[in-house]
$ cat upload_10.txt   # compact mmCIF, C-alpha atoms and all ligand atoms
# COMPACT_ATOMS: atom_id res chain seq x y z
CA MET A 1 0.00 0.00 0.00
CA ASN A 2 1.11 3.53 -0.66
CA GLU A 3 -0.66 6.84 -0.32
CA ALA A 4 -1.23 7.31 -4.06
CA LEU A 5 -2.92 3.88 -4.27
CA LEU A 6 -5.03 4.56 -1.18
CA GLN A 7 -6.17 7.89 -2.67
CA PHE A 8 -6.95 6.13 -5.96
CA ILE A 9 -8.99 3.46 -4.18
CA TRP A 10 -10.91 6.13 -2.29
CA GLN A 11 -11.40 8.39 -5.30
CA TYR A 12 -12.89 5.63 -7.46
CA ASN A 13 -14.78 3.78 -4.70
CA LEU A 14 -12.72 0.63 -5.18
CA TYR A 15 -13.33 -0.58 -1.61
CA GLN A 16 -16.34 -2.52 -0.36
CA LEU A 17 -18.90 0.17 0.23
CA THR A 18 -21.20 -1.83 2.48
CA GLY A 19 -20.72 -2.88 6.10
CA LEU A 20 -18.38 0.02 6.94
CA HIS A 21 -17.90 1.08 10.57
CA THR A 22 -15.82 3.74 12.23
CA ALA A 23 -13.08 2.68 14.66
CA ASP A 24 -15.61 3.42 17.43
CA GLY A 25 -18.04 0.90 15.94
CA GLU A 26 -20.55 3.37 14.47
CA PRO A 27 -22.10 2.41 11.11
CA LEU A 28 -20.71 4.55 8.31
CA THR A 29 -22.07 5.29 4.83
CA VAL A 30 -20.06 7.21 2.25
CA ILE A 31 -22.56 9.27 0.26
CA HIS A 32 -19.94 11.17 -1.68
CA GLY A 33 -16.20 10.59 -1.19
CA GLY A 34 -15.32 14.21 -2.03
CA ARG A 35 -13.29 15.98 -4.65
CA LEU A 36 -9.57 15.15 -4.89
CA ASN A 37 -7.52 18.12 -3.71
CA LYS A 38 -4.19 18.48 -5.49
CA ASP A 39 -3.23 21.59 -3.53
CA ALA A 40 -2.23 21.98 0.11
CA GLY A 41 -4.74 20.86 2.73
CA PRO A 42 -6.89 17.76 3.21
CA ASP A 43 -6.92 15.12 0.45
CA PHE A 44 -10.64 15.24 -0.39
CA LEU A 45 -12.91 18.24 -0.16
CA GLU A 46 -16.69 18.64 0.10
CA ALA A 47 -17.36 15.01 0.96
CA LYS A 48 -20.62 13.79 2.44
CA ILE A 49 -20.92 10.84 4.84
CA LYS A 50 -23.40 9.45 7.33
CA VAL A 51 -22.08 8.34 10.73
CA GLY A 52 -24.79 6.64 12.77
CA ASN A 53 -27.78 8.86 12.05
CA THR A 54 -25.81 12.03 11.43
CA ILE A 55 -24.99 13.41 8.00
CA LEU A 56 -21.63 15.19 7.86
CA VAL A 57 -20.34 17.39 5.04
CA GLY A 58 -16.71 18.50 4.85
CA ASN A 59 -13.13 17.38 4.21
CA ILE A 60 -11.39 14.02 4.50
CA GLU A 61 -7.73 13.16 5.07
CA LEU A 62 -6.16 9.82 4.09
CA HIS A 63 -3.08 8.10 5.54
CA ILE A 64 -1.51 4.68 5.29
CA LYS A 65 -1.18 4.58 9.07
CA SER A 66 -3.14 6.70 11.52
CA SER A 67 0.18 7.63 13.16
CA ASP A 68 1.12 9.47 9.93
CA TRP A 69 -1.22 12.19 11.17
CA LEU A 70 1.28 12.98 13.92
CA ARG A 71 4.29 12.41 11.67
CA HIS A 72 2.93 15.02 9.22
CA GLY A 73 2.25 17.45 12.09
CA HIS A 74 -1.47 17.83 11.26
CA GLN A 75 -2.28 18.24 14.96
CA HIS A 76 -0.67 21.73 14.69
CA ASP A 77 -2.31 22.70 11.40
CA LYS A 78 -5.64 24.56 11.37
CA ALA A 79 -6.41 23.28 7.84
CA TYR A 80 -6.88 19.80 9.38
CA GLN A 81 -9.26 20.82 12.13
CA ASN A 82 -12.94 20.00 11.67
CA LEU A 83 -12.43 17.10 9.26
CA ILE A 84 -15.41 14.79 8.91
CA LEU A 85 -13.34 11.61 8.47
CA HIS A 86 -9.83 10.26 8.81
CA VAL A 87 -9.42 7.34 6.38
CA VAL A 88 -6.48 5.03 7.06
CA TYR A 89 -5.28 1.72 5.81
CA GLU A 90 -4.07 0.73 9.25
CA ASN A 91 -5.29 2.28 12.51
CA ASP A 92 -2.02 1.76 14.40
CA VAL A 93 -2.48 4.65 16.89
CA PRO A 94 -6.09 5.32 17.98
CA ASN A 95 -7.68 8.80 18.21
CA VAL A 96 -4.76 10.78 16.78
CA ALA A 97 -7.17 13.25 15.13
CA GLY A 98 -9.19 13.98 18.28
CA ASN A 99 -12.92 13.42 17.77
CA THR A 100 -12.71 12.92 14.00
CA PRO A 101 -14.24 9.54 13.09
CA VAL A 102 -11.69 7.04 11.75
CA LEU A 103 -12.31 4.49 8.99
CA SER A 104 -9.79 1.72 8.42
CA LEU A 105 -9.94 0.29 4.89
CA HIS A 106 -7.63 -2.60 5.71
CA ASP A 107 -10.32 -5.28 5.48
CA HIS A 108 -12.38 -3.62 2.76
CA ILE A 109 -10.12 -3.65 -0.28
CA PRO A 110 -10.62 -6.61 -2.66
CA ALA A 111 -7.48 -8.62 -3.34
CA HIS A 112 -7.73 -8.20 -7.13
CA ILE A 113 -7.16 -4.43 -6.76
CA PHE A 114 -3.73 -5.08 -5.22
CA ASP A 115 -2.93 -7.84 -7.69
CA HIS A 116 -3.67 -5.73 -10.77
CA TYR A 117 -1.81 -2.74 -9.34
CA VAL A 118 1.27 -4.78 -8.44
CA ASN A 119 1.26 -6.41 -11.89
CA LEU A 120 1.36 -3.01 -13.54
CA MET A 121 4.01 -1.58 -11.22
CA GLN A 122 6.28 -4.60 -11.52
CA ALA A 123 5.83 -5.23 -15.23
CA PRO A 124 9.26 -5.41 -16.85
CA GLN A 125 8.02 -4.29 -20.31
CA LYS A 126 8.41 -0.75 -21.62
CA LEU A 127 4.62 -0.60 -21.74
CA PRO A 128 3.50 -1.88 -18.33
CA CYS A 129 -0.04 -2.80 -19.41
CA ALA A 130 1.21 -4.40 -22.66
CA ARG A 131 -1.86 -5.86 -24.40
CA GLN A 132 -4.08 -5.59 -21.31
CA HIS A 133 -5.42 -2.32 -22.70
CA GLU A 134 -7.33 -4.51 -25.18
CA THR A 135 -9.70 -5.43 -22.34
CA VAL A 136 -10.79 -1.78 -22.05
CA ARG A 137 -13.78 -0.69 -24.13
CA GLN A 138 -12.97 1.13 -27.35
CA ILE A 139 -15.23 4.07 -26.51
CA THR A 140 -13.41 4.53 -23.18
CA LYS A 141 -10.03 4.48 -24.93
CA GLU A 142 -11.11 6.97 -27.57
CA GLY A 143 -12.44 9.36 -24.91
CA TRP A 144 -9.12 9.06 -23.06
CA LEU A 145 -7.17 9.78 -26.26
CA SER A 146 -9.21 12.96 -26.82
CA ARG A 147 -8.39 14.13 -23.31
CA LEU A 148 -4.70 13.32 -23.82
CA LEU A 149 -4.59 15.34 -27.03
CA ALA A 150 -6.23 18.29 -25.25
CA GLU A 151 -3.65 17.93 -22.46
CA ARG A 152 -0.79 17.84 -25.00
CA TRP A 153 -2.00 20.97 -26.73
CA GLU A 154 -2.65 22.73 -23.44
CA GLN A 155 0.98 22.16 -22.42
CA LYS A 156 2.34 23.16 -25.80
CA LEU A 157 0.10 26.17 -26.32
CA GLY A 158 0.83 27.52 -22.85
CA ASP A 159 4.37 28.28 -24.06
CA TRP A 160 3.05 29.66 -27.34
CA ASN A 161 0.76 32.03 -25.46
CA VAL A 162 3.83 33.41 -23.70
CA LEU A 163 5.61 33.85 -27.06
CA LEU A 164 2.55 35.62 -28.38
CA GLU A 165 2.40 37.98 -25.43
CA ASN A 166 6.12 38.69 -25.80
CA SER A 167 5.58 39.67 -29.42
CA ALA A 168 2.67 42.05 -28.79
CA GLU A 169 0.12 39.52 -30.09
CA ASP A 170 1.82 39.33 -33.48
CA TRP A 171 0.45 36.08 -34.95
CA ARG A 172 2.69 36.27 -38.02
CA ASN A 173 5.66 36.35 -35.73
CA LEU A 174 4.42 33.40 -33.71
CA LEU A 175 3.95 31.38 -36.88
CA TYR A 176 7.42 32.39 -38.08
CA TRP A 177 9.09 31.36 -34.82
CA ARG A 178 7.21 28.09 -34.43
CA MET A 179 7.63 27.19 -38.08
CA ALA A 180 11.37 27.84 -37.77
CA ALA A 181 11.63 25.64 -34.67
CA ASN A 182 9.68 22.96 -36.56
CA PHE A 183 12.13 23.10 -39.48
CA GLY A 184 14.88 22.29 -36.96
CA PHE A 185 12.92 19.13 -36.14
CA LYS A 186 13.95 17.46 -32.91
CA THR A 187 17.71 17.96 -33.07
CA ASN A 188 18.02 21.57 -34.21
CA ALA A 189 14.75 23.07 -32.97
CA THR A 190 16.45 25.35 -30.43
CA PRO A 191 19.10 26.91 -32.71
CA PHE A 192 16.45 27.31 -35.43
CA LEU A 193 14.19 29.17 -33.02
CA MET A 194 17.15 31.32 -31.89
CA LEU A 195 17.93 32.03 -35.53
CA ALA A 196 14.37 33.22 -36.21
CA GLN A 197 14.33 35.29 -33.03
CA SER A 198 17.59 36.96 -34.05
CA LEU A 199 16.12 38.02 -37.40
CA PRO A 200 12.83 39.96 -37.25
CA LEU A 201 10.46 38.65 -39.92
CA ASN A 202 10.02 42.04 -41.57
CA ILE A 203 13.70 41.94 -42.70
CA PRO A 204 13.59 38.75 -44.82
CA ALA A 205 10.04 39.77 -45.85
CA LYS A 206 11.43 43.04 -47.25
CA HIS A 207 13.94 41.07 -49.35
CA ARG A 208 11.50 38.30 -50.29
CA GLU A 209 11.87 38.99 -54.02
CA SER A 210 15.53 37.90 -53.96
CA LEU A 211 16.01 34.28 -52.85
CA LEU A 212 19.77 34.85 -52.61
CA GLN A 213 19.29 37.70 -50.12
CA VAL A 214 16.79 35.71 -48.04
CA GLU A 215 19.24 32.80 -47.96
CA ALA A 216 22.10 35.16 -47.08
CA LEU A 217 20.10 36.51 -44.15
CA PHE A 218 19.28 33.06 -42.77
CA PHE A 219 22.68 31.42 -43.36
CA GLY A 220 24.44 34.53 -42.12
CA GLN A 221 22.33 34.76 -38.97
CA ALA A 222 22.90 31.04 -38.42
CA GLY A 223 26.62 31.85 -38.13
CA MET A 224 27.36 29.61 -41.12
CA LEU A 225 29.02 32.18 -43.36
CA GLU A 226 32.15 32.79 -41.30
CA ASP A 227 34.53 30.43 -43.19
CA ASP A 228 36.78 30.95 -46.25
CA PHE A 229 34.78 29.27 -48.99
CA LYS A 230 35.93 28.04 -52.37
CA ASP A 231 32.52 27.78 -54.09
CA ASP A 232 30.98 30.88 -55.67
CA TYR A 233 27.58 30.40 -54.07
CA PRO A 234 28.65 30.72 -50.40
CA ARG A 235 30.93 33.63 -51.41
CA GLU A 236 27.98 35.44 -52.93
CA LEU A 237 25.96 34.74 -49.80
CA GLN A 238 28.80 36.19 -47.73
CA LYS A 239 28.87 39.34 -49.82
CA GLU A 240 25.10 39.84 -49.52
CA TYR A 241 25.13 39.09 -45.82
CA ASP A 242 27.99 41.53 -45.07
CA TYR A 243 25.91 44.30 -46.59
CA LEU A 244 22.59 43.27 -44.94
CA ARG A 245 24.20 42.64 -41.58
CA LYS A 246 25.56 46.18 -41.43
CA LYS A 247 22.34 47.68 -42.79
CA TYR A 248 20.16 46.04 -40.13
CA LYS A 249 22.81 45.85 -37.37
CA LEU A 250 22.31 42.09 -37.07
CA LYS A 251 24.02 39.79 -34.62
CA PRO A 252 24.26 36.14 -35.69
CA VAL A 253 23.84 33.11 -33.44
CA THR A 254 26.92 30.96 -32.93
CA ALA A 255 27.51 28.26 -35.53
CA HIS A 256 28.54 25.60 -33.01
CA LEU A 257 24.91 25.31 -31.84
CA TRP A 258 23.99 23.43 -35.01
CA LYS A 259 24.13 19.65 -34.89
CA PHE A 260 25.12 17.55 -37.90
CA LEU A 261 26.31 14.41 -36.13
CA ARG A 262 24.39 11.17 -36.55
CA MET A 263 21.90 12.86 -38.88
CA ARG A 264 20.82 11.80 -42.32
CA PRO A 265 22.36 14.37 -44.70
CA ALA A 266 18.86 15.29 -45.98
CA ASN A 267 18.12 16.57 -42.45
CA PHE A 268 21.31 18.63 -42.11
CA PRO A 269 20.56 22.13 -40.83
CA THR A 270 22.10 23.57 -44.01
CA ILE A 271 19.39 21.86 -46.07
CA ARG A 272 16.63 22.82 -43.62
CA ILE A 273 17.77 26.46 -43.62
CA ALA A 274 17.80 26.54 -47.42
CA GLN A 275 14.27 25.06 -47.45
CA PHE A 276 13.09 27.52 -44.82
CA ALA A 277 14.52 30.40 -46.85
CA ALA A 278 12.67 29.02 -49.89
CA LEU A 279 9.44 29.00 -47.87
CA VAL A 280 9.87 32.63 -46.78
CA HIS A 281 10.76 33.53 -50.37
CA LYS A 282 7.62 31.97 -51.84
CA SER A 283 5.08 32.91 -49.14
CA VAL A 284 3.35 36.24 -49.29
CA HIS A 285 0.44 35.84 -46.88
CA LEU A 286 1.37 32.61 -45.19
CA PHE A 287 -0.27 33.36 -41.85
CA SER A 288 -3.68 34.24 -43.25
CA GLN A 289 -3.51 31.27 -45.62
CA VAL A 290 -2.59 28.94 -42.80
CA ILE A 291 -5.34 30.23 -40.53
CA GLU A 292 -8.04 30.20 -43.17
CA THR A 293 -7.24 26.84 -44.77
CA HIS A 294 -8.50 23.71 -43.09
CA SER A 295 -8.15 21.19 -45.86
CA ILE A 296 -4.97 19.16 -45.81
CA LYS A 297 -5.04 19.07 -49.62
CA GLU A 298 -4.79 22.87 -49.72
CA ILE A 299 -2.29 23.23 -46.87
CA GLU A 300 0.28 20.75 -48.12
CA PRO A 301 1.12 22.71 -51.31
CA LEU A 302 1.74 25.83 -49.19
CA LEU A 303 4.55 23.98 -47.45
CA GLU A 304 6.07 22.17 -50.40
CA VAL A 305 9.45 23.79 -50.93
CA THR A 306 12.76 22.83 -52.48
CA ALA A 307 16.17 24.21 -51.53
CA SER A 308 17.84 26.34 -54.23
CA GLU A 309 19.87 24.81 -57.05
CA TYR A 310 23.28 24.73 -55.32
CA TRP A 311 21.83 22.29 -52.81
CA ASN A 312 20.96 19.80 -55.56
CA THR A 313 24.60 18.77 -55.43
CA HIS A 314 25.51 19.67 -51.83
CA PHE A 315 24.54 18.91 -48.26
CA GLN A 316 27.15 21.33 -46.89
CA PHE A 317 29.05 24.29 -48.35
CA ASP A 318 32.02 23.32 -50.55
CA VAL A 319 31.37 19.57 -50.31
CA ALA A 320 30.02 18.39 -53.68
CA GLN A 321 27.94 15.23 -54.14
CA LYS A 322 28.46 12.94 -57.10
CA GLN A 323 24.77 12.68 -57.92
CA ALA A 324 22.41 15.61 -58.10
CA THR A 325 19.17 15.29 -56.10
CA PRO A 326 16.70 18.11 -55.51
CA LYS A 327 16.34 18.77 -51.76
CA SER A 328 12.60 19.08 -51.35
CA LEU A 329 10.83 19.03 -48.02
CA GLY A 330 9.48 15.47 -48.00
CA LYS A 331 5.84 14.56 -47.51
CA SER A 332 6.36 13.25 -43.99
CA SER A 333 8.18 16.50 -43.06
CA VAL A 334 5.31 18.54 -44.48
CA GLN A 335 2.91 16.46 -42.40
CA ASN A 336 5.15 16.93 -39.39
CA VAL A 337 4.81 20.73 -39.82
CA VAL A 338 1.01 20.41 -40.10
CA ILE A 339 0.90 18.31 -36.92
CA ASN A 340 3.29 20.38 -34.86
CA THR A 341 2.72 23.91 -36.11
CA ILE A 342 -0.27 24.45 -38.37
CA ALA A 343 -3.00 22.55 -36.51
CA PRO A 344 -1.89 23.84 -33.06
CA ILE A 345 -1.69 27.46 -34.24
CA GLN A 346 -5.13 27.18 -35.83
CA PHE A 347 -6.44 25.77 -32.57
CA LEU A 348 -4.82 28.51 -30.49
CA TYR A 349 -6.09 31.23 -32.81
CA ALA A 350 -9.63 29.80 -32.67
CA ALA A 351 -9.43 29.49 -28.87
CA ARG A 352 -8.30 33.13 -28.53
CA GLN A 353 -11.21 34.19 -30.77
CA ASP A 354 -13.47 31.90 -28.74
CA THR A 355 -14.60 30.17 -31.92
CA HIS A 356 -15.54 26.61 -31.11
CA ALA A 357 -16.27 25.65 -34.73
CA LEU A 358 -12.75 26.64 -35.80
CA GLN A 359 -11.23 24.69 -32.90
CA GLU A 360 -13.10 21.65 -34.21
CA LYS A 361 -11.67 22.28 -37.68
CA ALA A 362 -8.14 22.33 -36.30
CA LEU A 363 -8.80 18.93 -34.73
CA GLN A 364 -10.31 17.66 -37.95
CA LEU A 365 -7.19 18.80 -39.79
CA LEU A 366 -5.09 16.63 -37.49
CA GLU A 367 -7.45 13.72 -38.06
CA ALA A 368 -6.89 14.09 -41.82
CA VAL A 369 -3.13 13.58 -41.45
CA PRO A 370 -1.78 9.99 -41.31
CA ALA A 371 -0.47 8.75 -37.97
CA GLU A 372 3.19 9.48 -37.28
CA LYS A 373 5.70 6.68 -37.45
CA ASN A 374 8.27 6.66 -34.67
CA ASN A 375 9.57 4.38 -31.89
CA ILE A 376 6.65 5.14 -29.63
CA THR A 377 3.88 4.57 -32.18
CA ALA A 378 5.72 1.36 -33.19
CA LEU A 379 5.74 0.23 -29.55
CA TRP A 380 1.98 0.80 -29.33
CA GLU A 381 1.45 -1.01 -32.59
CA ASP A 382 3.48 -4.01 -31.36
CA ASN A 383 1.19 -4.06 -28.36
CA GLY A 384 -2.00 -4.02 -30.39
CA TRP A 385 -2.88 -0.33 -30.59
CA LYS A 386 -2.43 1.20 -34.03
CA ALA A 387 -3.13 4.91 -34.30
CA ILE A 388 -5.46 5.62 -37.23
CA ASN A 389 -4.49 9.27 -37.69
CA ALA A 390 -2.18 11.99 -36.33
CA ALA A 391 -4.66 13.03 -33.63
CA GLN A 392 -4.39 9.53 -32.19
CA SER A 393 -0.62 9.23 -32.65
CA GLN A 394 -0.14 12.56 -30.86
CA ALA A 395 -2.34 11.35 -28.01
CA LEU A 396 -0.43 8.03 -27.82
CA LEU A 397 2.85 9.97 -27.62
CA GLN A 398 1.43 11.98 -24.75
CA LEU A 399 0.24 8.80 -23.04
CA TYR A 400 3.57 7.04 -23.33
CA ASN A 401 5.80 10.01 -22.46
CA ASN A 402 3.75 11.40 -19.59
CA TYR A 403 2.12 8.31 -18.11
CA CYS A 404 3.42 4.88 -19.15
CA SER A 405 7.13 5.67 -18.97
CA ALA A 406 6.66 7.13 -15.47
CA LYS A 407 4.28 4.28 -14.49
CA ARG A 408 1.50 6.76 -13.78
CA CYS A 409 -1.09 4.03 -14.30
CA LEU A 410 -3.12 5.40 -11.36
CA ASP A 411 -3.63 8.64 -13.31
CA CYS A 412 -4.61 6.85 -16.51
CA THR A 413 -8.14 5.86 -17.55
CA ILE A 414 -6.82 2.59 -18.95
CA GLY A 415 -5.02 1.89 -15.66
CA LEU A 416 -8.25 2.59 -13.75
CA ASN A 417 -10.18 0.13 -15.89
CA ILE A 418 -7.50 -2.55 -15.63
CA ILE A 419 -7.11 -2.21 -11.86
CA ARG A 420 -10.80 -2.29 -11.07
CA ALA A 421 -11.62 -5.18 -13.43
CA LYS A 422 -12.74 -8.23 -11.43
CA GLU A 423 -10.83 -10.76 -13.55
S1 LIG B 1 -0.18 4.46 -17.98
FE1 LIG B 1 -2.07 3.55 -18.77
S2 LIG B 1 -1.64 2.96 -20.85
FE2 LIG B 1 0.30 3.34 -19.84
S3 LIG B 1 0.98 1.37 -19.10
FE3 LIG B 1 -0.16 2.30 -17.43
S4 LIG B 1 -2.23 1.59 -17.71
FE4 LIG B 1 -1.18 1.19 -19.61

$ encode --input "upload_10.txt" --output "structure tokens"
Amino acid sequence: MNEALLQFIWQYNLYQLTGLHTADGEPLTVIHGGRLNKDAGPDFLEAKIKVGNTILVGNIELHIKSSDWLRHGHQHDKAYQNLILHVVYENDVPNVAGNTPVLSLHDHIPAHIFDHYVNLMQAPQKLPCARQHETVRQITKEGWLSRLLAERWEQKLGDWNVLLENSAEDWRNLLYWRMAANFGFKTNATPFLMLAQSLPLNIPAKHRESLLQVEALFFGQAGMLEDDFKDDYPRELQKEYDYLRKKYKLKPVTAHLWKFLRMRPANFPTIRIAQFAALVHKSVHLFSQVIETHSIKEIEPLLEVTASEYWNTHFQFDVAQKQATPKSLGKSSVQNVVINTIAPIQFLYAARQDTHALQEKALQLLEAVPAEKNNITALWEDNGWKAINAAQSQALLQLYNNYCSAKRCLDCTIGLNIIRAKE
């Protein structure tokens, strides 16, 4: 027994509800176990019980042992006066909470609750419930996935709200920053975001007509134009950047932030920067297009870009490839940008406008994108749960990263259903 499990058992009424008595032998009925309190103070608030013939309404505190009351110093804390019930697993020291009735749950918890809980906590697999989730009803799982997606977006969009406030509610800027971070994908997201933040959008926008100047601004600000180059193309970029840097008093980020190691060359930051520059070059009203377009078929072409010609034969400056290949942003990368930038920004924009219908459309956009393929979705698939679209794969990522890997099965709807199942 531990306190989290005891709270869980109390919260979901997983003990035998009939035949309860207080430590003083009075019959006890739990009418409402109360609302779980995650802040300071008693564990459950606004509960309602009947002791003998008296109905009591108020707060309840739970402990493994009644002596924990003293160990936690509750006898000196006003927040714990006037409780209606002290629930313990073991009443090792009687009357520690004065006149507060005491209920010991020791003999009222069915054995299968412990068995299922221990099985989950001791499971050696990466996914503690493995295929057991298949015993949970589909409708319950889908409801849980929707809540997980909402939780994921709430966490993500909290940070975006801060970015928005820091940029005087400039949505174009938010899109620019988040899109840049997205082009860095997992490995180079931070330097990409720093790059965008070091270069106000209005500067590359002013030079949008010239791809070379837009590229010079981004490569220069990335700190990648500091070397002595032999190829003409980086030399031209240098020349342009020297001029633009002085004109706008720009300060580049340091080049050593960029990671190339253990990456596929197609994902090198040089290629991603060239593609990002191509996107800025070709987009005139990207923000309004992104906000107003909810069909995946119309959004994808907005993001389809190819790095300029030099990159057909290079992954890095001055290092030529034997075979020429155009460096286009691949379909799965485009979908990654829709999942991680476009749909969330549409959702945030709709939420700030209080437009429920548009929030729904942002979710529908995510449902129109195929499920992501990565180690975590593969793990779920191996265990019998295949995401059918990106909304589900995002929710499964949230579930694995925030619950399964930390064994938070007590906070998970699937865990609840597995633990309380009789078989
Ligand atoms: S957190 Fe939920 S889904 Fe994950 S292993 Fe535990 S019960 Fe299964």

$ closest_residue --input "upload_10.txt" --among "A:Asp39, A:Glu134, A:Glu61, A:Asp382" --to "ligand LIG 1 (chain B)" --atoms "only C-alpha atoms and all ligand atoms"
A:Glu134

$ closest_residue --input "upload_10.txt" --among "A:Arg408, A:Glu292, A:Pro370, A:Leu225" --to "A:Leu358" --atoms "all atoms listed in the file"
A:Glu292

$ residues_near_ligand --input "upload_10.txt" --ligand "ligand LIG 1 (chain B)" --cutoff "6 Å" --atoms "only C-alpha atoms and all ligand atoms" --output "VMD selection string"
chain A and resid 127 to 129 403 to 404 407 to 409 412 414 to 415

$ closest_residue --input "upload_10.txt" --among "A:Ile291, A:Ala47, A:Leu20, A:Val214" --to "A:Asp107" --atoms "only C-alpha atoms"
A:Leu20

$ atom_distance --input "upload_10.txt" --atom1 "atom CA of A:Leu279" --atom2 "atom CA of A:Gln213"
13.3 Å

$ decode --input "upload_10.txt" --residues "stretch 403-417 of chain A" --atoms "N, CA and C atoms" --output "mmCIF file, in the first residue's frame"
data_model
loop_
_atom_site.group_PDB
_atom_site.id
_atom_site.type_symbol
_atom_site.label_atom_id
_atom_site.label_comp_id
_atom_site.auth_asym_id
_atom_site.auth_seq_id
_atom_site.Cartn_x
_atom_site.Cartn_y
_atom_site.Cartn_z
ATOM 1 N N TYR A 403 2.765 9.244 -19.039
ATOM 2 C CA TYR A 403 2.119 8.314 -18.109
ATOM 3 C C TYR A 403 2.853 6.973 -18.045
ATOM 4 N N CYS A 404 2.880 6.252 -19.185
ATOM 5 C CA CYS A 404 3.417 4.879 -19.154
ATOM 6 C C CYS A 404 4.875 4.856 -18.691
ATOM 7 N N SER A 405 5.700 5.747 -19.273
ATOM 8 C CA SER A 405 7.128 5.667 -18.966
ATOM 9 C C SER A 405 7.397 6.042 -17.513
ATOM 10 N N ALA A 406 6.491 6.780 -16.885
ATOM 11 C CA ALA A 406 6.659 7.128 -15.469
ATOM 12 C C ALA A 406 5.782 6.233 -14.592
ATOM 13 N N LYS A 407 5.185 5.205 -15.197
ATOM 14 C CA LYS A 407 4.280 4.276 -14.489
ATOM 15 C C LYS A 407 3.174 5.032 -13.743
ATOM 16 N N ARG A 408 2.613 6.020 -14.414
ATOM 17 C CA ARG A 408 1.497 6.758 -13.785
ATOM 18 C C ARG A 408 0.159 6.088 -14.121
ATOM 19 N N CYS A 409 0.122 4.777 -13.935
ATOM 20 C CA CYS A 409 -1.093 4.033 -14.303
ATOM 21 C C CYS A 409 -2.283 4.449 -13.433
ATOM 22 N N LEU A 410 -2.015 4.968 -12.235
ATOM 23 C CA LEU A 410 -3.119 5.399 -11.362
ATOM 24 C C LEU A 410 -3.773 6.677 -11.882
ATOM 25 N N ASP A 411 -3.066 7.398 -12.757
ATOM 26 C CA ASP A 411 -3.633 8.641 -13.310
ATOM 27 C C ASP A 411 -4.216 8.411 -14.697
ATOM 28 N N CYS A 412 -4.240 7.170 -15.121
ATOM 29 C CA CYS A 412 -4.607 6.851 -16.506
ATOM 30 C C CYS A 412 -5.943 6.111 -16.535
ATOM 31 N N THR A 413 -6.811 6.489 -17.463
ATOM 32 C CA THR A 413 -8.137 5.856 -17.555
ATOM 33 C C THR A 413 -8.019 4.363 -17.845
ATOM 34 N N ILE A 414 -7.004 4.007 -18.643
ATOM 35 C CA ILE A 414 -6.822 2.589 -18.949
ATOM 36 C C ILE A 414 -6.386 1.848 -17.681
ATOM 37 N N GLY A 415 -5.467 2.469 -16.926
ATOM 38 C CA GLY A 415 -5.016 1.891 -15.656
ATOM 39 C C GLY A 415 -6.206 1.687 -14.713
ATOM 40 N N LEU A 416 -7.073 2.688 -14.621
ATOM 41 C CA LEU A 416 -8.245 2.589 -13.748
ATOM 42 C C LEU A 416 -9.093 1.373 -14.137
ATOM 43 N N ASN A 417 -9.326 1.230 -15.437
ATOM 44 C CA ASN A 417 -10.177 0.131 -15.893
ATOM 45 C C ASN A 417 -9.523 -1.228 -15.693
#
